[in-house]
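Asks: Supplied structure: query.pdb, PDB, C-alpha atoms.
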ATOM      1  CA  MET A   1       0.000   0.000   0.000
ATOM      2  CA  VAL A   2       1.200   3.483  -0.907
ATOM      3  CA  GLU A   3       2.309   5.723   1.958
ATOM      4  CA  ILE A   4       2.454   9.463   1.359
ATOM      5  CA  GLU A   5       4.285  11.860   3.630
ATOM      6  CA  ILE A   6       3.928  15.625   3.404
ATOM      7  CA  ASP A   7       6.661  17.761   4.875
ATOM      8  CA  GLU A   8       4.553  20.453   6.525
ATOM      9  CA  ASN A   9       7.563  22.695   7.000
ATOM     10  CA  ALA A  10       8.210  22.669   3.260
ATOM     11  CA  CYS A  11       4.597  22.781   1.961
ATOM     12  CA  VAL A  12       3.720  26.318   0.842
ATOM     13  CA  GLY A  13      -0.028  25.608   0.658
ATOM     14  CA  CYS A  14      -0.339  26.458  -3.042
ATOM     15  CA  GLY A  15      -2.844  23.617  -3.577
ATOM     16  CA  SER A  16      -1.314  22.581  -6.923
ATOM     17  CA  CYS A  17      -1.282  18.909  -5.892
ATOM     18  CA  VAL A  18      -4.968  19.108  -4.882
ATOM     19  CA  ASP A  19      -5.892  20.465  -8.325
ATOM     20  CA  ASP A  20      -3.634  18.102 -10.256
ATOM     21  CA  CYS A  21      -4.438  14.760  -8.594
ATOM     22  CA  PRO A  22      -7.005  12.865 -10.696
ATOM     23  CA  ASN A  23      -8.056  10.665  -7.773
ATOM     24  CA  ASP A  24      -8.604  13.329  -5.094
ATOM     25  CA  VAL A  25      -5.896  11.959  -2.847
ATOM     26  CA  TYR A  26      -5.198  15.394  -1.342
ATOM     27  CA  GLU A  27      -7.257  18.113   0.302
ATOM     28  CA  MET A  28      -6.355  21.511   1.650
ATOM     29  CA  ASP A  29      -6.221  21.788   5.426
ATOM     30  CA  GLU A  30      -7.761  25.267   5.649
ATOM     31  CA  ALA A  31      -6.748  25.788   9.282
ATOM     32  CA  LYS A  32      -3.051  25.099   8.629
ATOM     33  CA  ASN A  33      -3.081  26.244   4.968
ATOM     34  CA  LYS A  34      -1.215  23.040   4.071
ATOM     35  CA  THR A  35      -2.013  20.003   1.948
ATOM     36  CA  LYS A  36      -3.179  16.857   3.719
ATOM     37  CA  VAL A  37      -3.556  13.285   2.472
ATOM     38  CA  VAL A  38      -7.170  12.111   2.684
ATOM     39  CA  ASN A  39      -7.392   9.223   0.236
ATOM     40  CA  ALA A  40      -4.042   7.413  -0.028
ATOM     41  CA  ASP A  41      -5.789   4.156  -1.065
ATOM     42  CA  ASP A  42      -6.678   5.679  -4.437
ATOM     43  CA  CYS A  43      -3.149   6.892  -5.147
ATOM     44  CA  MET A  44      -1.843   5.244  -8.315
ATOM     45  CA  ALA A  45       1.681   6.655  -7.859
ATOM     46  CA  CYS A  46       1.699   8.634 -11.111
ATOM     47  CA  LEU A  47       3.763  11.224  -9.211
ATOM     48  CA  SER A  48       2.200  14.189 -11.030
ATOM     49  CA  CYS A  49       2.071  15.823  -7.602
ATOM     50  CA  HIS A  50       5.849  15.510  -7.282
ATOM     51  CA  GLU A  51       6.329  17.179 -10.624
ATOM     52  CA  ILE A  52       3.992  20.060  -9.838
ATOM     53  CA  CYS A  53       4.972  20.680  -6.195
ATOM     54  CA  PRO A  54       7.201  23.782  -6.113
ATOM     55  CA  ALA A  55       8.554  22.866  -2.671
ATOM     56  CA  GLU A  56       9.249  19.154  -3.264
ATOM     57  CA  ALA A  57       7.333  18.613  -0.048
ATOM     58  CA  MET A  58       6.092  15.077  -0.591
ATOM     59  CA  GLU A  59       7.431  11.582  -0.441
ATOM     60  CA  HIS A  60       5.764   8.404  -1.710
ATOM     61  CA  LYS A  61       6.804   5.140  -0.106
ATOM     62  CA  ASN A  62       6.316   1.551  -1.271
ATOM     63  CA  ILE A  63       5.542   2.341  -4.923
ATOM     64  CA  HIS A  64       6.638   0.937  -8.272
ATOM     65  CA  VAL A  65       9.375   3.320  -9.380
ATOM     66  CA  ALA A  66       9.336   3.492 -13.169
ATOM     67  CA  LYS A  67      12.549   2.901 -15.095
ATOM     68  CA  ARG A  68      14.401   6.104 -15.894
ATOM     69  CA  LEU A  69      16.301   5.052 -18.991
ATOM     70  CA  TYR A  70      16.170   8.620 -20.288
ATOM     71  CA  ILE A  71      18.771   9.640 -17.736
ATOM     72  CA  ASP A  72      22.282   9.650 -19.141
ATOM     73  CA  ARG A  73      24.426   7.620 -16.723
ATOM     74  CA  LYS A  74      27.602   9.482 -17.705
ATOM     75  CA  VAL A  75      25.981  12.826 -16.825
ATOM     76  CA  ASN A  76      24.632  11.283 -13.618
ATOM     77  CA  ASP A  77      28.111  10.111 -12.591
ATOM     78  CA  ILE A  78      29.539  13.598 -13.141
ATOM     79  CA  ILE A  79      26.725  15.227 -11.114
ATOM     80  CA  LYS A  80      27.251  12.694  -8.291
ATOM     81  CA  LYS A  81      30.893  13.744  -8.060
ATOM     82  CA  ILE A  82      29.930  17.429  -7.826
ATOM     83  CA  ILE A  83      27.069  17.076  -5.318
TER      84      ILE A  83
ATOM     85  CA  MET B   1      49.277  12.552 -45.216
ATOM     86  CA  ALA B   2      45.481  12.152 -45.197
ATOM     87  CA  TYR B   3      43.629  13.586 -42.222
ATOM     88  CA  GLU B   4      42.160  11.016 -39.812
ATOM     89  CA  ILE B   5      39.214  11.618 -37.515
ATOM     90  CA  LYS B   6      40.234  11.283 -33.875
ATOM     91  CA  ARG B   7      37.929   9.308 -31.600
ATOM     92  CA  GLU B   8      37.947   8.430 -27.896
ATOM     93  CA  GLY B   9      36.697   4.827 -28.148
ATOM     94  CA  LYS B  10      38.671   1.883 -29.449
ATOM     95  CA  GLU B  11      37.847   0.557 -32.893
ATOM     96  CA  ILE B  12      36.985  -3.159 -32.938
ATOM     97  CA  PHE B  13      39.030  -5.317 -35.279
ATOM     98  CA  GLY B  14      38.262  -8.985 -35.925
ATOM     99  CA  ASP B  15      37.151 -11.530 -38.474
ATOM    100  CA  PHE B  16      33.654 -11.537 -39.884
ATOM    101  CA  LYS B  17      31.625 -14.104 -41.739
ATOM    102  CA  PRO B  18      27.858 -14.293 -42.301
ATOM    103  CA  GLU B  19      26.254 -16.457 -39.624
ATOM    104  CA  LEU B  20      22.838 -16.984 -38.071
ATOM    105  CA  ILE B  21      23.793 -16.419 -34.432
ATOM    106  CA  PRO B  22      26.770 -14.146 -33.985
ATOM    107  CA  ASP B  23      29.006 -15.054 -31.034
ATOM    108  CA  GLU B  24      30.043 -11.454 -30.676
ATOM    109  CA  CYS B  25      27.672  -8.545 -31.348
ATOM    110  CA  GLY B  26      30.218  -5.907 -30.444
ATOM    111  CA  GLY B  27      29.636  -3.308 -27.801
ATOM    112  CA  ASN B  28      28.996  -3.184 -24.099
ATOM    113  CA  ILE B  29      26.195  -1.689 -21.998
ATOM    114  CA  ASP B  30      27.502   1.854 -22.615
ATOM    115  CA  ASP B  31      27.177   1.361 -26.372
ATOM    116  CA  TYR B  32      23.615   0.099 -25.953
ATOM    117  CA  GLU B  33      22.781   3.097 -23.769
ATOM    118  CA  GLU B  34      24.225   5.508 -26.293
ATOM    119  CA  SER B  35      22.291   3.867 -29.139
ATOM    120  CA  LEU B  36      19.078   3.924 -27.105
ATOM    121  CA  HIS B  37      19.461   7.617 -26.353
ATOM    122  CA  VAL B  38      20.216   8.481 -29.974
ATOM    123  CA  LEU B  39      17.156   6.494 -31.019
ATOM    124  CA  MET B  40      15.038   8.267 -28.394
ATOM    125  CA  LYS B  41      16.169  11.633 -29.734
ATOM    126  CA  PHE B  42      15.439  10.585 -33.330
ATOM    127  CA  VAL B  43      11.957   9.312 -32.499
ATOM    128  CA  GLY B  44      11.169  12.375 -30.365
ATOM    129  CA  SER B  45      12.346  14.690 -33.122
ATOM    130  CA  MET B  46      10.350  12.752 -35.721
ATOM    131  CA  SER B  47       7.202  12.937 -33.592
ATOM    132  CA  SER B  48       7.546  16.672 -33.074
ATOM    133  CA  ALA B  49       8.224  17.271 -36.799
ATOM    134  CA  LEU B  50       5.252  15.099 -37.718
ATOM    135  CA  GLU B  51       3.031  17.185 -35.449
ATOM    136  CA  GLN B  52       4.386  20.387 -36.970
ATOM    137  CA  VAL B  53       3.674  19.230 -40.525
ATOM    138  CA  SER B  54       0.479  17.228 -40.089
ATOM    139  CA  GLY B  55      -1.095  18.937 -37.059
ATOM    140  CA  ARG B  56      -3.663  16.719 -35.362
ATOM    141  CA  GLY B  57      -3.351  14.240 -38.237
ATOM    142  CA  ALA B  58      -0.062  13.153 -36.635
ATOM    143  CA  ASN B  59      -2.021  11.346 -33.923
ATOM    144  CA  ALA B  60      -3.896   9.280 -36.506
ATOM    145  CA  ILE B  61      -0.699   8.368 -38.369
ATOM    146  CA  VAL B  62       1.110   7.236 -35.219
ATOM    147  CA  TYR B  63      -2.020   5.438 -33.974
ATOM    148  CA  GLN B  64      -2.225   3.501 -37.236
ATOM    149  CA  ALA B  65       1.467   2.570 -37.007
ATOM    150  CA  GLY B  66       0.987   1.338 -33.433
ATOM    151  CA  LYS B  67      -2.176  -0.563 -34.319
ATOM    152  CA  ARG B  68      -0.379  -2.395 -37.104
ATOM    153  CA  MET B  69       2.382  -3.378 -34.667
ATOM    154  CA  GLY B  70      -0.257  -4.513 -32.148
ATOM    155  CA  HIS B  71      -2.034  -6.717 -34.693
ATOM    156  CA  GLU B  72       1.271  -8.283 -35.720
ATOM    157  CA  ALA B  73       2.258  -8.918 -32.088
ATOM    158  CA  GLY B  74      -1.222 -10.259 -31.245
ATOM    159  CA  LYS B  75      -0.838 -13.009 -33.836
ATOM    160  CA  MET B  76       1.917 -14.566 -31.723
ATOM    161  CA  VAL B  77      -0.412 -15.451 -28.823
ATOM    162  CA  GLU B  78      -3.505 -17.598 -28.367
ATOM    163  CA  LYS B  79      -6.901 -16.037 -29.132
ATOM    164  CA  THR B  80      -9.344 -15.807 -26.238
ATOM    165  CA  ASP B  81     -12.742 -14.372 -25.239
ATOM    166  CA  ASP B  82     -11.717 -14.152 -21.583
ATOM    167  CA  LEU B  83     -10.753 -10.573 -20.687
ATOM    168  CA  GLU B  84      -8.474 -11.570 -17.792
ATOM    169  CA  LYS B  85      -6.597 -14.063 -19.974
ATOM    170  CA  ALA B  86      -6.395 -11.430 -22.704
ATOM    171  CA  MET B  87      -4.843  -8.976 -20.235
ATOM    172  CA  GLN B  88      -2.293 -11.630 -19.239
ATOM    173  CA  GLU B  89      -1.435 -12.185 -22.904
ATOM    174  CA  LEU B  90      -1.344  -8.435 -23.492
ATOM    175  CA  SER B  91       1.236  -8.099 -20.716
ATOM    176  CA  GLU B  92       3.369 -10.710 -22.509
ATOM    177  CA  ILE B  93       2.999  -8.883 -25.830
ATOM    178  CA  LEU B  94       3.807  -5.458 -24.421
ATOM    179  CA  GLY B  95       6.671  -6.869 -22.359
ATOM    180  CA  ALA B  96       8.665  -5.355 -19.534
ATOM    181  CA  GLU B  97       9.084  -2.028 -21.307
ATOM    182  CA  PHE B  98       5.310  -1.431 -21.170
ATOM    183  CA  TYR B  99       4.736  -2.816 -17.666
ATOM    184  CA  PHE B 100       1.079  -2.350 -16.794
ATOM    185  CA  ASP B 101      -1.487  -3.465 -14.228
ATOM    186  CA  MET B 102      -5.262  -3.340 -14.101
ATOM    187  CA  TRP B 103      -6.343  -0.565 -11.762
ATOM    188  CA  LYS B 104      -9.479   0.326  -9.810
ATOM    189  CA  PRO B 105     -10.401   2.919  -7.199
ATOM    190  CA  ALA B 106     -10.368   1.501  -3.655
ATOM    191  CA  GLY B 107     -14.180   1.643  -3.420
ATOM    192  CA  GLN B 108     -14.819  -0.379  -6.600
ATOM    193  CA  ASP B 109     -15.363  -4.168  -6.319
ATOM    194  CA  GLY B 110     -13.867  -5.549  -9.510
ATOM    195  CA  TYR B 111     -11.527  -4.296 -12.186
ATOM    196  CA  THR B 112     -14.107  -4.475 -14.958
ATOM    197  CA  VAL B 113     -17.261  -2.394 -15.310
ATOM    198  CA  GLU B 114     -20.058  -3.504 -17.646
ATOM    199  CA  LYS B 115     -21.793  -0.729 -19.593
ATOM    200  CA  GLY B 116     -24.410  -2.194 -21.958
ATOM    201  CA  ASP B 117     -22.517  -4.133 -24.616
ATOM    202  CA  GLU B 118     -19.224  -2.654 -23.483
ATOM    203  CA  THR B 119     -16.719  -3.728 -20.851
ATOM    204  CA  VAL B 120     -14.482  -1.064 -19.392
ATOM    205  CA  VAL B 121     -11.200  -1.719 -17.604
ATOM    206  CA  LYS B 122      -8.659   0.787 -16.349
ATOM    207  CA  LEU B 123      -5.018   0.073 -17.101
ATOM    208  CA  ILE B 124      -2.129   1.728 -15.347
ATOM    209  CA  PHE B 125       1.082   1.825 -17.369
ATOM    210  CA  ARG B 126       3.966   1.986 -14.921
ATOM    211  CA  ASP B 127       6.931   1.538 -17.263
ATOM    212  CA  CYS B 128       6.691   2.922 -20.771
ATOM    213  CA  VAL B 129       9.415   3.522 -23.359
ATOM    214  CA  VAL B 130       7.254   6.188 -24.989
ATOM    215  CA  ARG B 131       7.287   8.170 -21.728
ATOM    216  CA  GLN B 132      11.052   7.636 -21.474
ATOM    217  CA  THR B 133      11.486   8.966 -25.010
ATOM    218  CA  LEU B 134       9.331  12.008 -24.334
ATOM    219  CA  ARG B 135      11.265  12.831 -21.195
ATOM    220  CA  ARG B 136      14.586  12.320 -22.990
ATOM    221  CA  THR B 137      13.578  14.823 -25.666
ATOM    222  CA  GLY B 138      11.645  17.217 -23.416
ATOM    223  CA  LEU B 139       8.321  16.710 -25.188
ATOM    224  CA  PRO B 140       4.941  16.867 -23.409
ATOM    225  CA  GLN B 141       2.986  13.690 -22.726
ATOM    226  CA  LYS B 142      -0.399  12.967 -24.400
ATOM    227  CA  GLY B 143       1.112  13.984 -27.767
ATOM    228  CA  PRO B 144       1.295  11.941 -30.984
ATOM    229  CA  LEU B 145       3.844   9.492 -29.600
ATOM    230  CA  CYS B 146       1.432   8.408 -26.856
ATOM    231  CA  TYR B 147      -0.879   7.305 -29.658
ATOM    232  CA  LEU B 148       1.692   4.668 -30.582
ATOM    233  CA  LEU B 149       1.021   2.793 -27.355
ATOM    234  CA  TYR B 150      -2.694   3.536 -27.762
ATOM    235  CA  GLY B 151      -2.687   1.887 -31.202
ATOM    236  CA  TYR B 152      -0.378  -0.919 -30.092
ATOM    237  CA  THR B 153      -2.645  -1.891 -27.174
ATOM    238  CA  VAL B 154      -5.855  -1.633 -29.200
ATOM    239  CA  GLY B 155      -4.338  -3.600 -32.091
ATOM    240  CA  ALA B 156      -3.146  -6.373 -29.778
ATOM    241  CA  VAL B 157      -6.482  -6.590 -27.920
ATOM    242  CA  GLU B 158      -8.426  -6.648 -31.192
ATOM    243  CA  GLU B 159      -6.211  -9.425 -32.521
ATOM    244  CA  VAL B 160      -6.328 -11.534 -29.325
ATOM    245  CA  MET B 161     -10.062 -11.135 -28.617
ATOM    246  CA  ASP B 162     -11.317 -10.602 -32.170
ATOM    247  CA  ILE B 163     -13.413  -7.593 -31.130
ATOM    248  CA  ARG B 164     -13.327  -3.797 -31.450
ATOM    249  CA  GLY B 165     -11.635  -1.786 -28.708
ATOM    250  CA  LYS B 166     -10.511   1.715 -27.844
ATOM    251  CA  LEU B 167      -8.152   3.183 -25.300
ATOM    252  CA  ASP B 168      -8.585   6.619 -23.749
ATOM    253  CA  ILE B 169      -5.862   8.447 -21.871
ATOM    254  CA  ASP B 170      -7.253   9.488 -18.470
ATOM    255  CA  HIS B 171      -4.172  10.908 -16.838
ATOM    256  CA  VAL B 172      -0.461  11.099 -17.523
ATOM    257  CA  GLY B 173       2.281  11.418 -14.955
ATOM    258  CA  PRO B 174       6.049  11.083 -14.760
ATOM    259  CA  ASN B 175       5.831   7.692 -13.018
ATOM    260  CA  ALA B 176       2.602   6.158 -14.353
ATOM    261  CA  CYS B 177      -0.235   6.819 -16.810
ATOM    262  CA  LEU B 178      -3.865   5.766 -16.394
ATOM    263  CA  LYS B 179      -5.815   4.636 -19.457
ATOM    264  CA  THR B 180      -9.303   3.267 -19.982
ATOM    265  CA  LEU B 181      -9.697   0.273 -22.269
ATOM    266  CA  THR B 182     -13.211  -0.130 -23.668
ATOM    267  CA  ILE B 183     -14.166  -3.367 -25.354
ATOM    268  CA  LYS B 184     -17.199  -3.406 -27.623
ATOM    269  CA  TRP B 185     -18.609  -6.927 -27.717
ATOM    270  CA  SER B 186     -21.045  -6.028 -30.484
ATOM    271  CA  GLY B 187     -18.114  -5.142 -32.735
ATOM    272  CA  LYS B 188     -17.184  -8.803 -33.181
TER     273      LYS B 188
END
Represent the structure contained in this file as structure tokens.

Replies:
Amino acid sequence: MVEIEIDENACVGCGSCVDDCPNDVYEMDEAKNKTKVVNADDCMACLSCHEICPAEAMEHKNIHVAKRLYIDRKVNDIIKKII
Amino acid sequence: MAYEIKREGKEIFGDFKPELIPDECGGNIDDYEESLHVLMKFVGSMSSALEQVSGRGANAIVYQAGKRMGHEAGKMVEKTDDLEKAMQELSEILGAEFYFDMWKPAGQDGYTVEKGDETVVKLIFRDCVVRQTLRRTGLPQKGPLCYLLYGYTVGAVEEVMDIRGKLDIDHVGPNACLKTLTIKWSGK
């Protein structure tokens, strides 16, 4: 089962993930002005929310991570040495 | 003296004779990766050029190409009327590069929904080389290239089940895409 964690310190409350999620996994917590997870069971791990989140405030656990063959391993190795 | 092009990699020298199964194909994993990325860039560039020239007609062209591939691939497996068996065979046709599962919302009982003479099933594509290609070339999803998989899936299902089908793209994401497969039983 998918587990979703929201870093409340990072979340800016823009609501982009709420608008973007096709399965209504998120809702805005109006009191805190932060996103909250309300329907994790329906999350299909498309990770659109990760792409749209400006604060990179979420983490999905226990999901199928798609292959990323588009990443150039040589470039990756160079970046790893720098960071 | 004639000028020679300088290259980093070593040139392979050896004997060659025509044979059915070559012992040595030449190249290591880095060569395969490089070829894959070049191919991704070519295909991405072709798709974007096709869209520029043909507009929305590009979708139909790519769909037709995919459908033809799907029909060809569908001939390799056993025909069936059973949707679940067809999905199993479809997963073998599409292979690991188009890894998909049937998907349903948590509140729904089964994967299939009957609507008159149609059966609807949601498919979630977790691994997809089309998506990889689009990301490699910086192209948006849901474009003409996505219609390749659309046609491929429909072609394979039509061939395996001997019926008419269609696939709609519900949602696209960087890690998975949700599609709805509709099977029309009356289209037999």

Asks: Counting only C-alpha atoms, which residues sit no farther than 6 Å from the position (4.1, 1.1, -17.0) in the file's frame? I'd like them as an NGL selection string.

Replies: :B and (98-100 or 125-128 or 176)

Asks: Residue by residue, what does the PyMOL selection byres ((chain A and resi 62) around 8) grab here? Present the result as a ChimeraX atom specification.

Replies: /A:1-3,60-61,63-64

Asks: Next, the residues of the selection above should be written as a short mmCIF file (atom, residue, chain, number, x, y, z; two decimals), in the coordinates of the input with C-alpha atoms.

Replies:
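What follows is the written file result_4.cif:
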data_model
loop_
_atom_site.label_atom_id
_atom_site.label_comp_id
_atom_site.auth_asym_id
_atom_site.auth_seq_id
_atom_site.Cartn_x
_atom_site.Cartn_y
_atom_site.Cartn_z
CA MET A 1 0.00 0.00 0.00
CA VAL A 2 1.20 3.48 -0.91
CA GLU A 3 2.31 5.72 1.96
CA HIS A 60 5.76 8.40 -1.71
CA LYS A 61 6.80 5.14 -0.11
CA ILE A 63 5.54 2.34 -4.92
CA HIS A 64 6.64 0.94 -8.27
#

Asks: Write out as a list of chain:residue names each polymer residue whose atoms come within 7 Å of range 41-49 of chain A, counting all atoms listed in the file; drop sequence neighbours fewer than 4 positions from it.

Replies: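 The neighbour list is A:Val2, A:Cys17, A:Asp20, A:Cys21, A:Asn23, A:Val25, A:Cys53, A:Ile63, B:Pro105, B:Ala106, B:Gly173, B:Pro174, B:Asn175, B:Ala176, B:Cys177.
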
Asks: For a test of reading the model, state the distance in Å between CA of Thr119 in chain B and CA of Leu181 in chain B, rounded to one decimal.

Replies: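 Taking CA of Thr119 in chain B and CA of Leu181 in chain B, their separation equals 8.2 Å.
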
Asks: Quick one: apply the ChimeraX specification (/A :<12) & /B to the file and drop the selected residues here as number ranges by chain.

Replies: B: 29-41, 44, 96-108, 122-138, 141, 170-179

Asks: Apply the PyMOL selection byres ((chain B and resi 84) around 12) to the displayed file and report the matching residues as a PyMOL selection string.

Replies: chain B and resi 80-83+85-91+101-102+110-112+119+121+157+160-161

Asks: Work out how far CA of Asn76 in chain A is from CA of Lys10 in chain B, in Å to one decimal.

Replies: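 Atom-to-atom, CA of Lys10 in chain B and CA of Asn76 in chain A are spaced 23.2 Å apart.
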
Asks: Write out as lines of an AutoDock Vina configuration file an axis-aligned box for range 90-98 of chain B: all of its atoms listed in the file, 3 Å added on each side, centre and edge lengths in Å with one decimal.

Replies:
center_x = 3.9
center_y = -6.1
center_z = -22.7
size_x = 16.4
size_y = 15.3
size_z = 12.3

Asks: Taking the point (-8.3, 19.0, 2.2) as given in the file, collect each protein or nucleic acid residue that comes within 12 Å of it, counting all atoms listed in the file, and present the set as a list of chain:residue names.

Replies: A:Gly13, A:Gly15, A:Cys17, A:Val18, A:Asp19, A:Asp24, A:Val25, A:Tyr26, A:Glu27, A:Met28, A:Asp29, A:Glu30, A:Ala31, A:Lys32, A:Asn33, A:Lys34, A:Thr35, A:Lys36, A:Val37, A:Val38, A:Asn39

Asks: Using all atoms listed in the file, find the one residue out of B:Gly9, B:Ile163, B:Glu4, B:Leu94 that sits nearest to Gly70 in chain B.

Replies: B:Leu94

Asks: Please measure the separation of CA of Ala60 in chain B and CA of Pro144 in chain B, giving the value in Å to one decimal.

Replies: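 CA of Pro144 in chain B lies at a distance of 8.0 Å from CA of Ala60 in chain B.
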
Asks: Measuring between all atoms listed in the file, which one of B:Glu78, B:Gly143, B:Ser186, B:Asn28 shows the shortest distance to Leu50 in chain B?

Replies: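 Checking each of B:Glu78, B:Gly143, B:Ser186, B:Asn28 against Leu50 in chain B, counting all atoms listed in the file, the winner is B:Gly143.
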
Asks: From the structure block, carefully write range 45-109 of chain B out with C-alpha atoms; format it as a PDB file, in the first residue's frame.

Replies:
ATOM      1  CA  SER B  45      12.346  14.690 -33.122  1.00  0.00           C
ATOM      2  CA  MET B  46      10.350  12.752 -35.721  1.00  0.00           C
ATOM      3  CA  SER B  47       7.202  12.937 -33.592  1.00  0.00           C
ATOM      4  CA  SER B  48       7.546  16.672 -33.074  1.00  0.00           C
ATOM      5  CA  ALA B  49       8.224  17.271 -36.799  1.00  0.00           C
ATOM      6  CA  LEU B  50       5.252  15.099 -37.718  1.00  0.00           C
ATOM      7  CA  GLU B  51       3.031  17.185 -35.449  1.00  0.00           C
ATOM      8  CA  GLN B  52       4.386  20.387 -36.970  1.00  0.00           C
ATOM      9  CA  VAL B  53       3.674  19.230 -40.525  1.00  0.00           C
ATOM     10  CA  SER B  54       0.479  17.228 -40.089  1.00  0.00           C
ATOM     11  CA  GLY B  55      -1.095  18.937 -37.059  1.00  0.00           C
ATOM     12  CA  ARG B  56      -3.663  16.719 -35.362  1.00  0.00           C
ATOM     13  CA  GLY B  57      -3.351  14.240 -38.237  1.00  0.00           C
ATOM     14  CA  ALA B  58      -0.062  13.153 -36.635  1.00  0.00           C
ATOM     15  CA  ASN B  59      -2.021  11.346 -33.923  1.00  0.00           C
ATOM     16  CA  ALA B  60      -3.896   9.280 -36.506  1.00  0.00           C
ATOM     17  CA  ILE B  61      -0.699   8.368 -38.369  1.00  0.00           C
ATOM     18  CA  VAL B  62       1.110   7.236 -35.219  1.00  0.00           C
ATOM     19  CA  TYR B  63      -2.020   5.438 -33.974  1.00  0.00           C
ATOM     20  CA  GLN B  64      -2.225   3.501 -37.236  1.00  0.00           C
ATOM     21  CA  ALA B  65       1.467   2.570 -37.007  1.00  0.00           C
ATOM     22  CA  GLY B  66       0.987   1.338 -33.433  1.00  0.00           C
ATOM     23  CA  LYS B  67      -2.176  -0.563 -34.319  1.00  0.00           C
ATOM     24  CA  ARG B  68      -0.379  -2.395 -37.104  1.00  0.00           C
ATOM     25  CA  MET B  69       2.382  -3.378 -34.667  1.00  0.00           C
ATOM     26  CA  GLY B  70      -0.257  -4.513 -32.148  1.00  0.00           C
ATOM     27  CA  HIS B  71      -2.034  -6.717 -34.693  1.00  0.00           C
ATOM     28  CA  GLU B  72       1.271  -8.283 -35.720  1.00  0.00           C
ATOM     29  CA  ALA B  73       2.258  -8.918 -32.088  1.00  0.00           C
ATOM     30  CA  GLY B  74      -1.222 -10.259 -31.245  1.00  0.00           C
ATOM     31  CA  LYS B  75      -0.838 -13.009 -33.836  1.00  0.00           C
ATOM     32  CA  MET B  76       1.917 -14.566 -31.723  1.00  0.00           C
ATOM     33  CA  VAL B  77      -0.412 -15.451 -28.823  1.00  0.00           C
ATOM     34  CA  GLU B  78      -3.505 -17.598 -28.367  1.00  0.00           C
ATOM     35  CA  LYS B  79      -6.901 -16.037 -29.132  1.00  0.00           C
ATOM     36  CA  THR B  80      -9.344 -15.807 -26.238  1.00  0.00           C
ATOM     37  CA  ASP B  81     -12.742 -14.372 -25.239  1.00  0.00           C
ATOM     38  CA  ASP B  82     -11.717 -14.152 -21.583  1.00  0.00           C
ATOM     39  CA  LEU B  83     -10.753 -10.573 -20.687  1.00  0.00           C
ATOM     40  CA  GLU B  84      -8.474 -11.570 -17.792  1.00  0.00           C
ATOM     41  CA  LYS B  85      -6.597 -14.063 -19.974  1.00  0.00           C
ATOM     42  CA  ALA B  86      -6.395 -11.430 -22.704  1.00  0.00           C
ATOM     43  CA  MET B  87      -4.843  -8.976 -20.235  1.00  0.00           C
ATOM     44  CA  GLN B  88      -2.293 -11.630 -19.239  1.00  0.00           C
ATOM     45  CA  GLU B  89      -1.435 -12.185 -22.904  1.00  0.00           C
ATOM     46  CA  LEU B  90      -1.344  -8.435 -23.492  1.00  0.00           C
ATOM     47  CA  SER B  91       1.236  -8.099 -20.716  1.00  0.00           C
ATOM     48  CA  GLU B  92       3.369 -10.710 -22.509  1.00  0.00           C
ATOM     49  CA  ILE B  93       2.999  -8.883 -25.830  1.00  0.00           C
ATOM     50  CA  LEU B  94       3.807  -5.458 -24.421  1.00  0.00           C
ATOM     51  CA  GLY B  95       6.671  -6.869 -22.359  1.00  0.00           C
ATOM     52  CA  ALA B  96       8.665  -5.355 -19.534  1.00  0.00           C
ATOM     53  CA  GLU B  97       9.084  -2.028 -21.307  1.00  0.00           C
ATOM     54  CA  PHE B  98       5.310  -1.431 -21.170  1.00  0.00           C
ATOM     55  CA  TYR B  99       4.736  -2.816 -17.666  1.00  0.00           C
ATOM     56  CA  PHE B 100       1.079  -2.350 -16.794  1.00  0.00           C
ATOM     57  CA  ASP B 101      -1.487  -3.465 -14.228  1.00  0.00           C
ATOM     58  CA  MET B 102      -5.262  -3.340 -14.101  1.00  0.00           C
ATOM     59  CA  TRP B 103      -6.343  -0.565 -11.762  1.00  0.00           C
ATOM     60  CA  LYS B 104      -9.479   0.326  -9.810  1.00  0.00           C
ATOM     61  CA  PRO B 105     -10.401   2.919  -7.199  1.00  0.00           C
ATOM     62  CA  ALA B 106     -10.368   1.501  -3.655  1.00  0.00           C
ATOM     63  CA  GLY B 107     -14.180   1.643  -3.420  1.00  0.00           C
ATOM     64  CA  GLN B 108     -14.819  -0.379  -6.600  1.00  0.00           C
ATOM     65  CA  ASP B 109     -15.363  -4.168  -6.319  1.00  0.00           C
TER      66      ASP B 109
END
